[in-house]
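As stored in work29.cif (mmCIF, C-alpha atoms):
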```
data_final
loop_
_atom_site.label_atom_id
_atom_site.label_comp_id
_atom_site.auth_asym_id
_atom_site.auth_seq_id
_atom_site.Cartn_x
_atom_site.Cartn_y
_atom_site.Cartn_z
CA MET A 1 -17.99 -25.74 33.73
CA LYS A 2 -16.60 -26.67 30.35
CA LYS A 3 -13.71 -24.48 29.23
CA GLU A 4 -15.21 -24.08 25.73
CA ILE A 5 -18.45 -22.69 27.14
CA ILE A 6 -16.64 -20.09 29.23
CA GLU A 7 -14.53 -19.05 26.22
CA LYS A 8 -17.70 -18.69 24.17
CA TRP A 9 -19.37 -16.57 26.84
CA MET A 10 -16.33 -14.37 27.15
CA ALA A 11 -16.14 -13.77 23.40
CA GLU A 12 -19.85 -12.96 23.33
CA PHE A 13 -19.45 -10.68 26.34
CA LEU A 14 -16.79 -8.71 24.44
CA SER A 15 -18.80 -8.50 21.22
CA PRO A 16 -20.27 -5.09 20.39
CA ASP A 17 -23.23 -6.84 18.78
CA ILE A 18 -25.04 -7.78 21.98
CA SER A 19 -27.51 -5.69 23.99
CA GLU A 20 -26.79 -4.29 27.45
CA GLY A 21 -29.17 -6.85 28.94
CA GLU A 22 -27.39 -9.75 27.27
CA LYS A 23 -24.07 -8.32 28.39
CA GLU A 24 -25.18 -8.17 32.04
CA GLU A 25 -26.50 -11.71 31.82
CA LEU A 26 -23.17 -12.99 30.43
CA LYS A 27 -21.25 -11.04 33.03
CA GLY A 28 -23.29 -12.74 35.77
CA LYS A 29 -22.58 -16.18 34.29
CA LEU A 30 -18.86 -15.47 34.01
CA ILE A 31 -18.65 -14.23 37.62
CA GLN A 32 -20.50 -17.33 38.76
CA SER A 33 -18.02 -19.51 36.92
CA GLY A 34 -15.12 -17.97 38.80
CA TYR A 35 -14.25 -14.75 37.00
CA ASP A 36 -13.52 -11.68 39.05
CA LYS A 37 -15.53 -8.55 38.16
CA PHE A 38 -12.36 -6.46 37.88
CA GLU A 39 -10.66 -9.09 35.74
CA LEU A 40 -13.58 -8.90 33.33
CA GLU A 41 -13.33 -5.11 33.25
CA ASP A 42 -9.59 -5.34 32.58
CA MET A 43 -10.21 -7.70 29.68
CA GLU A 44 -12.90 -5.41 28.33
CA ASN A 45 -10.69 -2.32 28.63
CA LEU A 46 -7.76 -4.00 26.93
CA TYR A 47 -10.01 -5.21 24.14
CA SER A 48 -11.37 -1.67 23.66
CA MET A 49 -7.84 -0.29 23.47
CA LEU A 50 -7.26 -2.38 20.34
CA ASP A 51 -9.62 0.00 18.52
CA GLU A 52 -7.33 2.90 19.28
CA ILE A 53 -3.98 1.55 18.14
CA ASP A 54 -2.31 4.24 16.04
CA VAL A 55 -2.23 3.44 12.36
CA PRO A 56 -0.23 5.74 10.05
CA GLU A 57 -1.76 7.27 6.96
CA THR A 58 -1.26 5.42 3.72
CA SER A 59 1.31 6.92 1.35
CA ASN A 60 0.86 8.20 -2.21
CA LYS A 61 2.88 5.20 -3.32
CA LEU A 62 -0.04 2.91 -2.48
CA ASP A 63 -2.43 4.88 -4.71
CA MET A 64 0.12 5.18 -7.45
CA ASN A 65 0.95 1.47 -7.48
CA PHE A 66 -2.69 0.50 -7.40
CA TYR A 67 -3.71 2.73 -10.30
CA ARG A 68 -0.62 1.67 -12.25
CA SER A 69 -1.57 -1.97 -11.86
CA LEU A 70 -5.15 -1.24 -12.84
CA GLU A 71 -4.04 0.62 -15.97
CA LEU A 72 -1.67 -2.21 -16.80
CA TYR A 73 -4.47 -4.73 -16.45
CA LYS A 74 -6.79 -2.61 -18.63
CA ASP A 75 -4.10 -2.32 -21.26
CA ALA A 76 -3.53 -6.07 -21.21
CA ILE A 77 -7.27 -6.65 -21.68
CA SER A 78 -7.58 -4.11 -24.48
CA ASP A 79 -4.46 -5.47 -26.17
CA LYS A 80 -5.99 -8.92 -26.15
CA SER A 81 -9.23 -7.72 -27.66
CA SER A 82 -7.75 -5.31 -30.19
CA HIS A 83 -7.97 -6.22 -33.82
CA PHE A 84 -4.88 -7.70 -35.46
CA GLY A 85 -5.21 -5.29 -38.36
CA ALA A 86 -5.25 -2.30 -36.03
CA PHE A 87 -2.11 -3.63 -34.43
CA ILE A 88 -0.39 -3.98 -37.80
CA SER A 89 -1.42 -0.52 -38.90
CA SER A 90 -0.20 1.01 -35.62
CA ILE A 91 3.15 -0.67 -36.18
CA PHE A 92 3.45 0.97 -39.57
CA LYS A 93 2.59 4.47 -38.46
CA LYS A 94 5.30 6.73 -39.74
CA LYS A 95 6.81 7.76 -36.39
CA TYR A 96 7.13 4.17 -35.24
CA VAL A 97 8.81 3.13 -38.45
CA LEU A 98 11.28 5.99 -38.09
CA ARG A 99 12.02 5.26 -34.46
CA PHE A 100 12.19 1.55 -35.00
CA THR A 101 14.58 2.03 -37.92
CA TYR A 102 16.69 4.36 -35.80
CA SER A 103 16.84 1.82 -32.97
CA LEU A 104 17.65 -1.00 -35.37
CA THR A 105 20.40 1.04 -36.99
CA LEU A 106 21.89 1.68 -33.57
CA VAL A 107 21.85 -2.03 -32.79
CA VAL A 108 23.43 -3.00 -36.13
CA PHE A 109 25.97 -0.22 -35.84
CA GLY A 110 26.74 -1.23 -32.30
CA TRP A 111 27.09 -4.85 -33.27
CA TYR A 112 29.42 -3.89 -36.10
CA LEU A 113 31.51 -1.72 -33.82
CA GLY A 114 31.41 -4.40 -31.20
CA SER A 115 32.68 -7.08 -33.58
CA TRP A 116 35.28 -4.69 -34.95
CA SER A 117 36.50 -3.89 -31.48
CA GLY A 118 36.53 -7.62 -30.73
CA ARG A 119 38.94 -8.05 -33.58
CA ILE A 120 41.37 -5.73 -31.86
CA ASP A 121 40.63 -7.64 -28.67
CA ASN A 122 39.28 -4.70 -26.75
CA ASN A 123 36.44 -6.05 -24.68
CA ASN A 124 36.10 -2.93 -22.56
CA VAL A 125 35.38 -0.78 -25.59
CA LYS A 126 32.86 -3.31 -26.78
CA ILE A 127 30.99 -3.32 -23.47
CA GLN A 128 31.04 0.45 -23.29
CA LEU A 129 29.62 0.78 -26.78
CA MET A 130 26.96 -1.79 -26.12
CA SER A 131 25.82 -0.01 -22.98
CA GLN A 132 25.73 3.30 -24.85
CA GLU A 133 23.54 1.71 -27.51
CA ILE A 134 21.20 0.28 -24.94
CA SER A 135 21.02 3.62 -23.23
CA GLN A 136 20.26 5.39 -26.52
CA MET A 137 17.62 2.82 -27.40
CA ARG A 138 15.99 3.25 -24.02
CA GLN A 139 15.88 6.99 -24.52
CA VAL A 140 14.21 6.57 -27.90
CA MET A 141 11.81 4.17 -26.25
CA ILE A 142 11.00 6.72 -23.53
CA TYR A 143 10.16 9.45 -26.06
CA THR A 144 8.03 7.05 -28.07
CA MET A 145 6.13 5.78 -25.07
CA LEU A 146 5.55 9.24 -23.64
CA ASP A 147 3.59 10.01 -26.83
CA GLN A 148 1.21 7.11 -26.24
CA PRO A 149 -2.43 7.76 -25.37
CA SER A 150 -2.31 5.09 -22.65
CA ALA A 151 -1.44 6.52 -19.24
CA MET A 152 0.04 3.19 -18.24
CA LYS A 153 2.51 3.31 -21.12
CA ARG A 154 3.52 6.85 -20.20
CA ILE A 155 4.10 5.71 -16.59
CA LYS A 156 6.17 2.81 -17.89
CA ALA A 157 8.19 5.23 -20.02
CA ILE A 158 9.05 7.27 -16.95
CA SER A 159 9.96 4.16 -14.97
CA TYR A 160 12.53 3.22 -17.63
CA ALA A 161 14.60 6.12 -16.36
CA ASP A 162 15.23 4.12 -13.16
CA GLU A 163 17.48 1.87 -15.21
CA PHE A 164 19.80 4.70 -16.22
CA GLU A 165 22.82 5.51 -14.18
CA ASN A 166 22.89 8.95 -15.76
CA VAL A 167 19.95 10.62 -17.39
CA ASP A 168 20.63 13.39 -19.85
CA ASP A 169 19.15 16.87 -19.54
CA LYS A 170 16.83 16.31 -22.49
CA ILE A 171 15.08 13.44 -20.72
CA LEU A 172 14.88 15.37 -17.47
CA ASN A 173 13.34 18.33 -19.30
CA THR A 174 10.85 15.98 -20.91
CA PHE A 175 9.90 14.67 -17.46
CA LEU A 176 9.46 18.21 -16.17
CA ASP A 177 7.25 18.89 -19.16
CA THR A 178 5.26 15.71 -18.35
CA LEU A 179 4.95 16.80 -14.74
CA ASN A 180 3.44 20.12 -15.76
CA ASN A 181 1.31 19.08 -18.69
CA ASP A 182 0.29 15.44 -18.61
CA PRO A 183 -3.48 15.12 -18.18
CA ASN A 184 -3.21 12.06 -15.92
CA PRO A 185 -2.29 12.65 -12.23
CA ASN A 186 -0.73 9.19 -11.91
CA VAL A 187 1.65 9.96 -14.74
CA ARG A 188 2.48 13.28 -13.10
CA LEU A 189 3.10 11.42 -9.82
CA ALA A 190 5.46 9.05 -11.61
CA ALA A 191 7.29 12.10 -12.99
CA VAL A 192 7.67 13.53 -9.46
CA GLU A 193 9.06 10.22 -8.29
CA ALA A 194 11.53 9.99 -11.19
CA LEU A 195 12.68 13.60 -10.86
CA SER A 196 13.10 13.27 -7.11
CA ARG A 197 16.15 11.11 -7.83
CA PHE A 198 17.99 14.12 -9.20
CA PRO A 199 17.81 16.76 -6.46
CA ASP A 200 21.38 17.84 -7.08
CA ILE A 201 20.64 19.04 -10.59
CA GLN A 202 19.74 22.68 -10.21
CA PHE A 203 17.26 23.02 -13.08
CA VAL A 204 15.40 19.90 -11.89
CA ARG A 205 15.14 21.32 -8.38
CA GLU A 206 13.91 24.65 -9.71
CA GLY A 207 11.47 22.93 -12.05
CA LEU A 208 10.00 20.93 -9.17
CA VAL A 209 9.53 24.09 -7.10
CA LYS A 210 7.86 25.96 -9.98
CA SER A 211 5.58 23.02 -10.66
CA ILE A 212 3.86 23.32 -7.26
CA LEU A 213 1.59 26.12 -8.51
CA LYS A 214 0.87 24.33 -11.78
CA GLN A 215 -0.73 21.31 -10.13
CA GLU A 216 -4.41 20.90 -9.43
CA SER A 217 -4.51 17.30 -8.23
CA PRO A 218 -4.16 17.08 -4.42
CA LEU A 219 -2.19 13.84 -4.83
CA VAL A 220 0.47 15.54 -6.94
CA GLN A 221 0.46 18.65 -4.77
CA VAL A 222 1.07 16.51 -1.67
CA ALA A 223 3.84 14.55 -3.41
CA LEU A 224 5.61 17.79 -4.33
CA ILE A 225 5.13 19.32 -0.88
CA ASP A 226 6.51 16.16 0.76
CA LEU A 227 9.47 16.31 -1.59
CA MET A 228 10.18 19.96 -0.72
CA LEU A 229 10.30 18.99 2.94
CA LYS A 230 12.51 16.00 2.25
CA LEU A 231 14.90 18.16 0.23
CA LYS A 232 14.63 20.95 2.81
CA GLU A 233 14.04 23.26 -0.14
CA LYS A 234 13.66 26.68 1.46
CA ALA A 235 13.26 28.28 -1.98
CA SER A 236 9.84 26.62 -2.21
CA LYS A 237 8.38 28.71 0.64
CA LYS A 238 7.34 31.44 -1.78
CA GLU A 239 5.41 28.98 -3.99
CA LEU A 240 3.91 27.24 -0.98
CA THR A 241 2.73 30.56 0.45
CA ARG A 242 1.15 31.43 -2.89
CA LEU A 243 -0.50 28.00 -2.97
CA LEU A 244 -2.30 28.89 0.28
CA GLU A 245 -3.89 31.86 -1.51
CA ASN A 246 -5.96 29.40 -3.53
CA ARG A 247 -9.37 29.37 -1.85
CA ASP A 248 -10.30 26.04 -3.40
CA LEU A 249 -7.23 24.28 -2.06
CA ASN A 250 -7.99 20.84 -0.63
CA TYR A 251 -8.16 20.87 3.18
CA SER A 252 -5.47 18.23 3.70
CA VAL A 253 -3.18 19.92 1.19
CA ARG A 254 -3.69 23.24 2.98
CA SER A 255 -2.73 21.74 6.37
CA LYS A 256 0.27 19.98 4.87
CA THR A 257 1.40 23.18 3.14
CA GLN A 258 1.12 25.20 6.35
CA GLU A 259 3.04 22.55 8.28
CA THR A 260 5.75 22.36 5.60
CA ILE A 261 6.20 26.15 5.54
CA ARG A 262 6.55 26.05 9.32
CA LEU A 263 9.13 23.27 9.20
CA LEU A 264 11.15 24.86 6.40
CA MET B 1 -24.56 5.14 -4.13
CA ASN B 2 -23.78 1.63 -5.29
CA THR B 3 -23.19 -1.03 -2.66
CA ASP B 4 -19.94 -2.96 -2.64
CA ASN B 5 -21.72 -6.02 -3.99
CA GLU B 6 -23.21 -4.01 -6.88
CA LEU B 7 -19.78 -2.61 -7.71
CA MET B 8 -18.27 -6.09 -7.63
CA LEU B 9 -20.92 -7.39 -10.00
CA GLN B 10 -20.26 -4.48 -12.38
CA LEU B 11 -16.55 -5.24 -12.13
CA LYS B 12 -17.29 -8.83 -13.10
CA GLU B 13 -19.18 -7.52 -16.12
CA GLY B 14 -15.99 -5.77 -17.24
CA ASP B 15 -16.33 -2.28 -15.76
CA LEU B 16 -12.78 -2.27 -14.35
CA ASP B 17 -12.98 1.29 -13.03
CA LYS B 18 -15.31 0.05 -10.31
CA LEU B 19 -12.27 -1.52 -8.66
CA GLY B 20 -11.00 2.03 -8.08
CA ILE B 21 -14.14 2.85 -6.06
CA LEU B 22 -13.78 -0.32 -4.00
CA PHE B 23 -10.11 0.51 -3.45
CA GLU B 24 -10.93 4.02 -2.23
CA ARG B 25 -13.61 2.66 0.10
CA HIS B 26 -11.58 -0.10 1.68
CA LYS B 27 -7.88 0.77 1.38
CA LYS B 28 -7.75 2.51 4.76
CA ASN B 29 -9.38 -0.30 6.74
CA LEU B 30 -7.41 -2.97 4.94
CA PHE B 31 -4.20 -1.06 5.55
CA GLY B 32 -5.13 -0.74 9.25
CA PHE B 33 -5.78 -4.48 9.40
CA PHE B 34 -2.41 -5.34 7.89
CA PHE B 35 -0.54 -2.71 9.88
CA LYS B 36 -1.85 -4.06 13.17
CA ILE B 37 -0.57 -7.50 12.19
CA THR B 38 2.78 -6.54 10.66
CA TYR B 39 3.58 -3.15 12.25
CA ASP B 40 5.29 -2.29 8.97
CA ARG B 41 3.91 0.44 6.75
CA ASP B 42 5.57 -0.58 3.48
CA VAL B 43 4.72 -4.25 3.90
CA SER B 44 1.11 -3.36 4.77
CA GLU B 45 0.78 -1.22 1.66
CA ASP B 46 2.15 -4.04 -0.48
CA MET B 47 -0.35 -6.39 1.10
CA VAL B 48 -3.25 -4.02 0.35
CA GLN B 49 -2.08 -3.89 -3.25
CA GLU B 50 -1.89 -7.68 -3.32
CA VAL B 51 -5.49 -7.98 -2.09
CA PHE B 52 -6.79 -5.79 -4.91
CA ILE B 53 -4.76 -7.65 -7.51
CA LYS B 54 -6.33 -10.88 -6.23
CA ILE B 55 -9.81 -9.31 -6.29
CA LEU B 56 -9.25 -8.56 -9.96
CA LYS B 57 -7.83 -12.00 -10.63
CA TYR B 58 -10.57 -13.90 -8.81
CA LYS B 59 -13.48 -11.56 -9.51
CA ASP B 60 -15.42 -14.32 -11.26
CA SER B 61 -15.49 -16.36 -8.06
CA PHE B 62 -17.51 -13.63 -6.30
CA ARG B 63 -21.11 -14.78 -6.42
CA GLY B 64 -22.72 -11.80 -4.72
CA TYR B 65 -24.60 -13.84 -2.13
CA GLY B 66 -22.48 -12.93 0.88
CA LYS B 67 -21.02 -9.60 1.92
CA PHE B 68 -18.18 -8.22 -0.18
CA SER B 69 -16.17 -7.35 2.95
CA THR B 70 -16.28 -10.99 4.12
CA TRP B 71 -14.95 -12.11 0.74
CA MET B 72 -12.33 -9.35 0.69
CA TYR B 73 -11.08 -10.20 4.18
CA SER B 74 -10.86 -13.89 3.20
CA ILE B 75 -8.44 -12.78 0.51
CA ALA B 76 -6.66 -10.52 3.01
CA HIS B 77 -6.34 -13.45 5.41
CA ASN B 78 -4.72 -15.56 2.67
CA VAL B 79 -2.34 -12.73 1.81
CA SER B 80 -1.41 -12.48 5.47
CA VAL B 81 -0.86 -16.25 5.80
CA ASP B 82 1.36 -16.22 2.69
CA HIS B 83 3.33 -13.28 4.04
CA PHE B 84 4.08 -14.90 7.37
CA ARG B 85 4.80 -18.22 5.73
CA LYS B 86 7.49 -16.52 3.65
CA GLN B 87 8.73 -14.59 6.67
CA ASN B 88 8.74 -17.60 8.97
CA LYS B 89 11.55 -16.14 11.02
CA TYR B 90 8.83 -14.06 12.67
CA VAL B 91 6.52 -16.95 13.42
CA PHE B 92 7.11 -18.57 16.73
CA SER B 93 5.84 -21.41 18.82
CA GLU B 94 3.09 -21.10 21.37
CA ASP B 95 5.68 -20.24 24.01
CA SER B 96 4.70 -16.85 25.37
CA GLU B 97 8.33 -15.99 26.09
CA ARG B 98 9.35 -16.32 22.46
CA LEU B 99 11.71 -13.77 21.06
CA ILE B 100 10.48 -11.39 18.45
CA SER B 101 12.38 -8.76 16.56
CA VAL B 102 10.65 -5.81 18.16
CA GLU B 103 13.71 -3.70 17.36
CA ASP B 104 12.80 -3.85 13.69
CA HIS B 105 9.62 -1.99 14.45
CA ASP B 106 11.01 0.55 16.88
CA HIS B 107 10.88 3.31 14.30
CA GLU B 108 7.14 2.82 14.05
CA LEU B 109 6.66 2.42 17.77
CA ASN B 110 8.66 5.49 18.68
CA THR B 111 6.00 7.63 17.15
CA ILE B 112 3.44 6.37 19.58
CA ARG B 113 3.74 8.53 22.64
CA ASP B 114 1.14 7.15 24.92
CA GLU B 115 2.86 4.66 27.18
CA ARG B 116 -0.14 2.41 27.50
CA PHE B 117 -0.39 2.12 23.75
CA ASP B 118 3.33 1.64 23.47
CA MET B 119 2.95 -1.27 25.88
CA LEU B 120 -0.06 -2.57 24.00
CA ASN B 121 1.83 -2.48 20.72
CA ARG B 122 4.75 -4.31 22.24
CA ALA B 123 2.43 -6.87 23.75
CA MET B 124 0.73 -7.32 20.35
CA LEU B 125 4.10 -7.90 18.73
CA LYS B 126 4.80 -10.68 21.19
CA LEU B 127 1.73 -12.57 20.04
CA VAL B 128 2.05 -14.99 17.15
CA PRO B 129 0.72 -13.41 13.93
CA ASP B 130 -2.44 -15.50 13.81
CA LYS B 131 -3.41 -14.27 17.28
CA ARG B 132 -2.78 -10.67 16.26
CA GLU B 133 -4.87 -11.38 13.20
CA ILE B 134 -7.88 -12.85 15.02
CA LEU B 135 -7.94 -9.95 17.49
CA THR B 136 -7.66 -7.39 14.69
CA LEU B 137 -10.30 -9.08 12.57
CA SER B 138 -12.68 -9.29 15.53
CA LYS B 139 -12.48 -5.50 15.90
CA ILE B 140 -13.40 -4.70 12.30
CA ASP B 141 -16.74 -2.93 12.11
CA GLY B 142 -19.48 -5.00 10.59
CA LEU B 143 -17.71 -8.34 10.82
CA LYS B 144 -19.45 -10.68 13.23
CA TYR B 145 -18.07 -13.93 14.61
CA LYS B 146 -20.07 -15.89 12.07
CA GLU B 147 -18.41 -13.97 9.23
CA LEU B 148 -15.00 -14.39 10.83
CA GLY B 149 -15.67 -18.12 10.71
CA ARG B 150 -16.21 -17.86 6.94
CA ILE B 151 -13.05 -15.80 6.52
CA LEU B 152 -10.93 -18.19 8.57
CA ASN B 153 -12.72 -21.30 7.38
CA CYS B 154 -13.76 -22.50 10.83
CA SER B 155 -16.88 -22.58 12.99
CA GLU B 156 -18.29 -19.60 14.86
CA ASN B 157 -17.53 -21.30 18.20
CA THR B 158 -13.93 -21.91 17.16
CA VAL B 159 -13.63 -18.20 16.37
CA LYS B 160 -14.99 -17.28 19.80
CA GLY B 161 -12.49 -19.59 21.49
CA ARG B 162 -9.61 -18.18 19.46
CA VAL B 163 -10.57 -14.57 20.19
CA PHE B 164 -10.75 -15.33 23.89
CA ARG B 165 -7.43 -17.19 24.01
CA ALA B 166 -5.64 -14.50 22.02
CA LEU B 167 -7.00 -11.76 24.28
CA LYS B 168 -6.11 -13.72 27.41
CA GLU B 169 -2.55 -14.16 26.21
CA LEU B 170 -2.35 -10.48 25.28
CA LYS B 171 -3.55 -9.55 28.73
CA ASN B 172 -0.94 -11.80 30.36
CA ILE B 173 1.87 -10.24 28.32
CA TYR B 174 0.53 -6.74 28.89
CA SER B 175 0.21 -7.27 32.65
CA LYS B 176 3.80 -8.46 32.90
CA MET B 177 5.10 -5.30 31.31
CA GLU B 178 6.07 -2.55 33.65
CA VAL B 179 4.97 0.96 32.83
CA PRO B 180 8.19 2.90 32.13
CA ASP B 181 8.98 5.96 34.24
CA LYS B 182 7.72 9.19 32.83
#
```
How would this structure read if it were set down as structure tokens?
Amino acid sequence: MKKEIIEKWMAEFLSPDISEGEKEELKGKLIQSGYDKFELEDMENLYSMLDEIDVPETSNKLDMNFYRSLELYKDAISDKSSHFGAFISSIFKKKYVLRFTYSLTLVVFGWYLGSWSGRIDNNNVKIQLMSQEISQMRQVMIYTMLDQPSAMKRIKAISYADEFENVDDKILNTFLDTLNNDPNPNVRLAAVEALSRFPDIQFVREGLVKSILKQESPLVQVALIDLMLKLKEKASKKELTRLLENRDLNYSVRSKTQETIRLL
Amino acid sequence: MNTDNELMLQLKEGDLDKLGILFERHKKNLFGFFFKITYDRDVSEDMVQEVFIKILKYKDSFRGYGKFSTWMYSIAHNVSVDHFRKQNKYVFSEDSERLISVEDHDHELNTIRDERFDMLNRAMLKLVPDKREILTLSKIDGLKYKELGRILNCSENTVKGRVFRALKELKNIYSKMEVPDK
């Protein structure tokens, strides 16, 4: 018997798309061609086990990255199609002019200081000043972008904080405010992610705990609950217990909350 | 409820939010597909993301004649091929005794308590990626051998032969493994 024919029969025998009758017929053919009945059963059992391989749940990161990319793509499309005049007028809105001028002043001032410090041959001072300017400009940028109507731009604003070695309290408070008040759950998720980098700052930790009861999106609730567990934040047990009092709480969030309270 | 094909056609027309519905419908299965090939959660999530970016990028090439899932898994197959091409340290010859960095995946495997499944996972990891892929694809609900042929760009009979040979090799590896003491 040709090897290819036996391989074809075997694959067909394993397929869930054939009837019982067809299966029996193929089994008979395979046994006739030298296959042992038990060997066939072993193959079939092993093949069935592939359906039951454990696969972990996907993380919030997957959802967040996907929706971020989608928003980014939408923004790129709308930017392309937006009218040039609208673009110009948005540039000249008062707050942009002010912030742009402020940023430009910082750059010019920095450059001046930099060149002055170069004259006294102090490169370290120059570098330090430059990095301060960049940091200040980024902060201005963050505030500006957090005011934007586009969720994608607000997410981008939050992600700028990743580039700071140290983030000042004002920015962290702004992120806490975003976490509690932004209408878009993906932006709030980005805020959780950004704030989770600063667990040693007491007011950030407290703000994250308090935020649990302010969230309605299951995605954000789960992100905060996961974070409480990661930080082993026992102080969150009170909020988590109160969260369980909400009758409309999502089933998965409820189970996760109960499990987290137990583990804490 | 709109079918996947209807959603895809609306996406082509510019209704980008329809991609979100397709993502919610298929992310779990796609993730499962990639996880069973890579045994790495982060990499699998990145690969799912990559598939949806490509769906968006190549949406105009979807004609709507065939099933959306066949088209989507063709993209997933390409993403998988690219991944293993880049990670060629994990791709080995046909030698069944090849070494594979199972240790890298121990943190995932340790969570699987059932010994038989632990053995099965280890046996799967000893297969070359394309054999893991064909076995995983052949177990996806609704994908018949004919559609697998379209995804992998080969004939239905070639698919059948590849499924058989991959399963036979898996069985050989699995049989050689001793069940650890309880």
Could I get the residues of chain A with an atom no further than 8 Å from an atom of chain B, each paired with its nearest atom pair and that distance in Å to one decimal, using only C-alpha atoms, sorted by chain and residue number, as a tab-separated table?
```
residue	atom	partner	partner_atom	distance
A:Glu4	CA	B:Gly161	CA	6.7
A:Glu7	CA	B:Gly161	CA	5.2
A:Lys8	CA	B:Lys160	CA	5.3
A:Met10	CA	B:Phe164	CA	6.5
A:Ala11	CA	B:Lys160	CA	5.2
A:Glu12	CA	B:Lys160	CA	7.4
A:Asp17	CA	B:Lys144	CA	7.7
A:Met43	CA	B:Lys171	CA	7.0
A:Leu46	CA	B:Lys171	CA	7.2
A:Tyr47	CA	B:Leu167	CA	7.2
A:Met49	CA	B:Phe117	CA	7.8
A:Leu50	CA	B:Lys139	CA	7.5
A:Asp51	CA	B:Lys139	CA	6.7
A:Ile53	CA	B:Phe117	CA	6.7
A:Asp54	CA	B:Ile112	CA	7.1
A:Val55	CA	B:Gly32	CA	6.0
A:Pro56	CA	B:Arg41	CA	7.5
A:Glu57	CA	B:Lys28	CA	8.0
A:Thr58	CA	B:Lys28	CA	7.2
A:Leu62	CA	B:Glu45	CA	5.9
A:Asn65	CA	B:Gln49	CA	7.5
A:Phe66	CA	B:Gln49	CA	6.1
A:Tyr67	CA	B:Gly20	CA	7.7
A:Ser69	CA	B:Ile53	CA	7.8
A:Leu70	CA	B:Leu16	CA	7.8
A:Lys74	CA	B:Leu16	CA	7.4
```
With C-alpha atoms retained, write the just-selected residues as a PDB file, in the frame of the given file.
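Below you can see selection20.pdb, which holds the result:
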```pdb
ATOM      1  CA  GLU A   4     -15.210 -24.080  25.730  1.00  0.00           C
ATOM      2  CA  GLU A   7     -14.530 -19.050  26.220  1.00  0.00           C
ATOM      3  CA  LYS A   8     -17.700 -18.690  24.170  1.00  0.00           C
ATOM      4  CA  MET A  10     -16.330 -14.370  27.150  1.00  0.00           C
ATOM      5  CA  ALA A  11     -16.140 -13.770  23.400  1.00  0.00           C
ATOM      6  CA  GLU A  12     -19.850 -12.960  23.330  1.00  0.00           C
ATOM      7  CA  ASP A  17     -23.230  -6.840  18.780  1.00  0.00           C
ATOM      8  CA  MET A  43     -10.210  -7.700  29.680  1.00  0.00           C
ATOM      9  CA  LEU A  46      -7.760  -4.000  26.930  1.00  0.00           C
ATOM     10  CA  TYR A  47     -10.010  -5.210  24.140  1.00  0.00           C
ATOM     11  CA  MET A  49      -7.840  -0.290  23.470  1.00  0.00           C
ATOM     12  CA  LEU A  50      -7.260  -2.380  20.340  1.00  0.00           C
ATOM     13  CA  ASP A  51      -9.620   0.000  18.520  1.00  0.00           C
ATOM     14  CA  ILE A  53      -3.980   1.550  18.140  1.00  0.00           C
ATOM     15  CA  ASP A  54      -2.310   4.240  16.040  1.00  0.00           C
ATOM     16  CA  VAL A  55      -2.230   3.440  12.360  1.00  0.00           C
ATOM     17  CA  PRO A  56      -0.230   5.740  10.050  1.00  0.00           C
ATOM     18  CA  GLU A  57      -1.760   7.270   6.960  1.00  0.00           C
ATOM     19  CA  THR A  58      -1.260   5.420   3.720  1.00  0.00           C
ATOM     20  CA  LEU A  62      -0.040   2.910  -2.480  1.00  0.00           C
ATOM     21  CA  ASN A  65       0.950   1.470  -7.480  1.00  0.00           C
ATOM     22  CA  PHE A  66      -2.690   0.500  -7.400  1.00  0.00           C
ATOM     23  CA  TYR A  67      -3.710   2.730 -10.300  1.00  0.00           C
ATOM     24  CA  SER A  69      -1.570  -1.970 -11.860  1.00  0.00           C
ATOM     25  CA  LEU A  70      -5.150  -1.240 -12.840  1.00  0.00           C
ATOM     26  CA  LYS A  74      -6.790  -2.610 -18.630  1.00  0.00           C
TER      27      LYS A  74
END
```
How many Å separate atom CA of Phe175 of chain A from atom CA of Leu195 of chain A?
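Atom CA of Leu195 of chain A lies at a distance of 7.2 Å from atom CA of Phe175 of chain A.
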Under the rule that all atoms listed in the file are counted, which of A:Ala194, A:Ile158, A:Ile225, A:Val187 is the nearest residue to Gln139 of chain A?
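Checking each candidate against Gln139 of chain A, we get A:Ile158 as the closest.
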What separation in Å, quoted to one decimal, exists between atom CA of Ser159 of chain A and atom CA of Leu22 of chain B?
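The value is 26.5 Å.
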In Å, how far is it from atom CA of Lys27 of chain A to atom CA of Ser15 of chain A?
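One can read the atom CA of Lys27 of chain A to atom CA of Ser15 of chain A distance as 12.3 Å.
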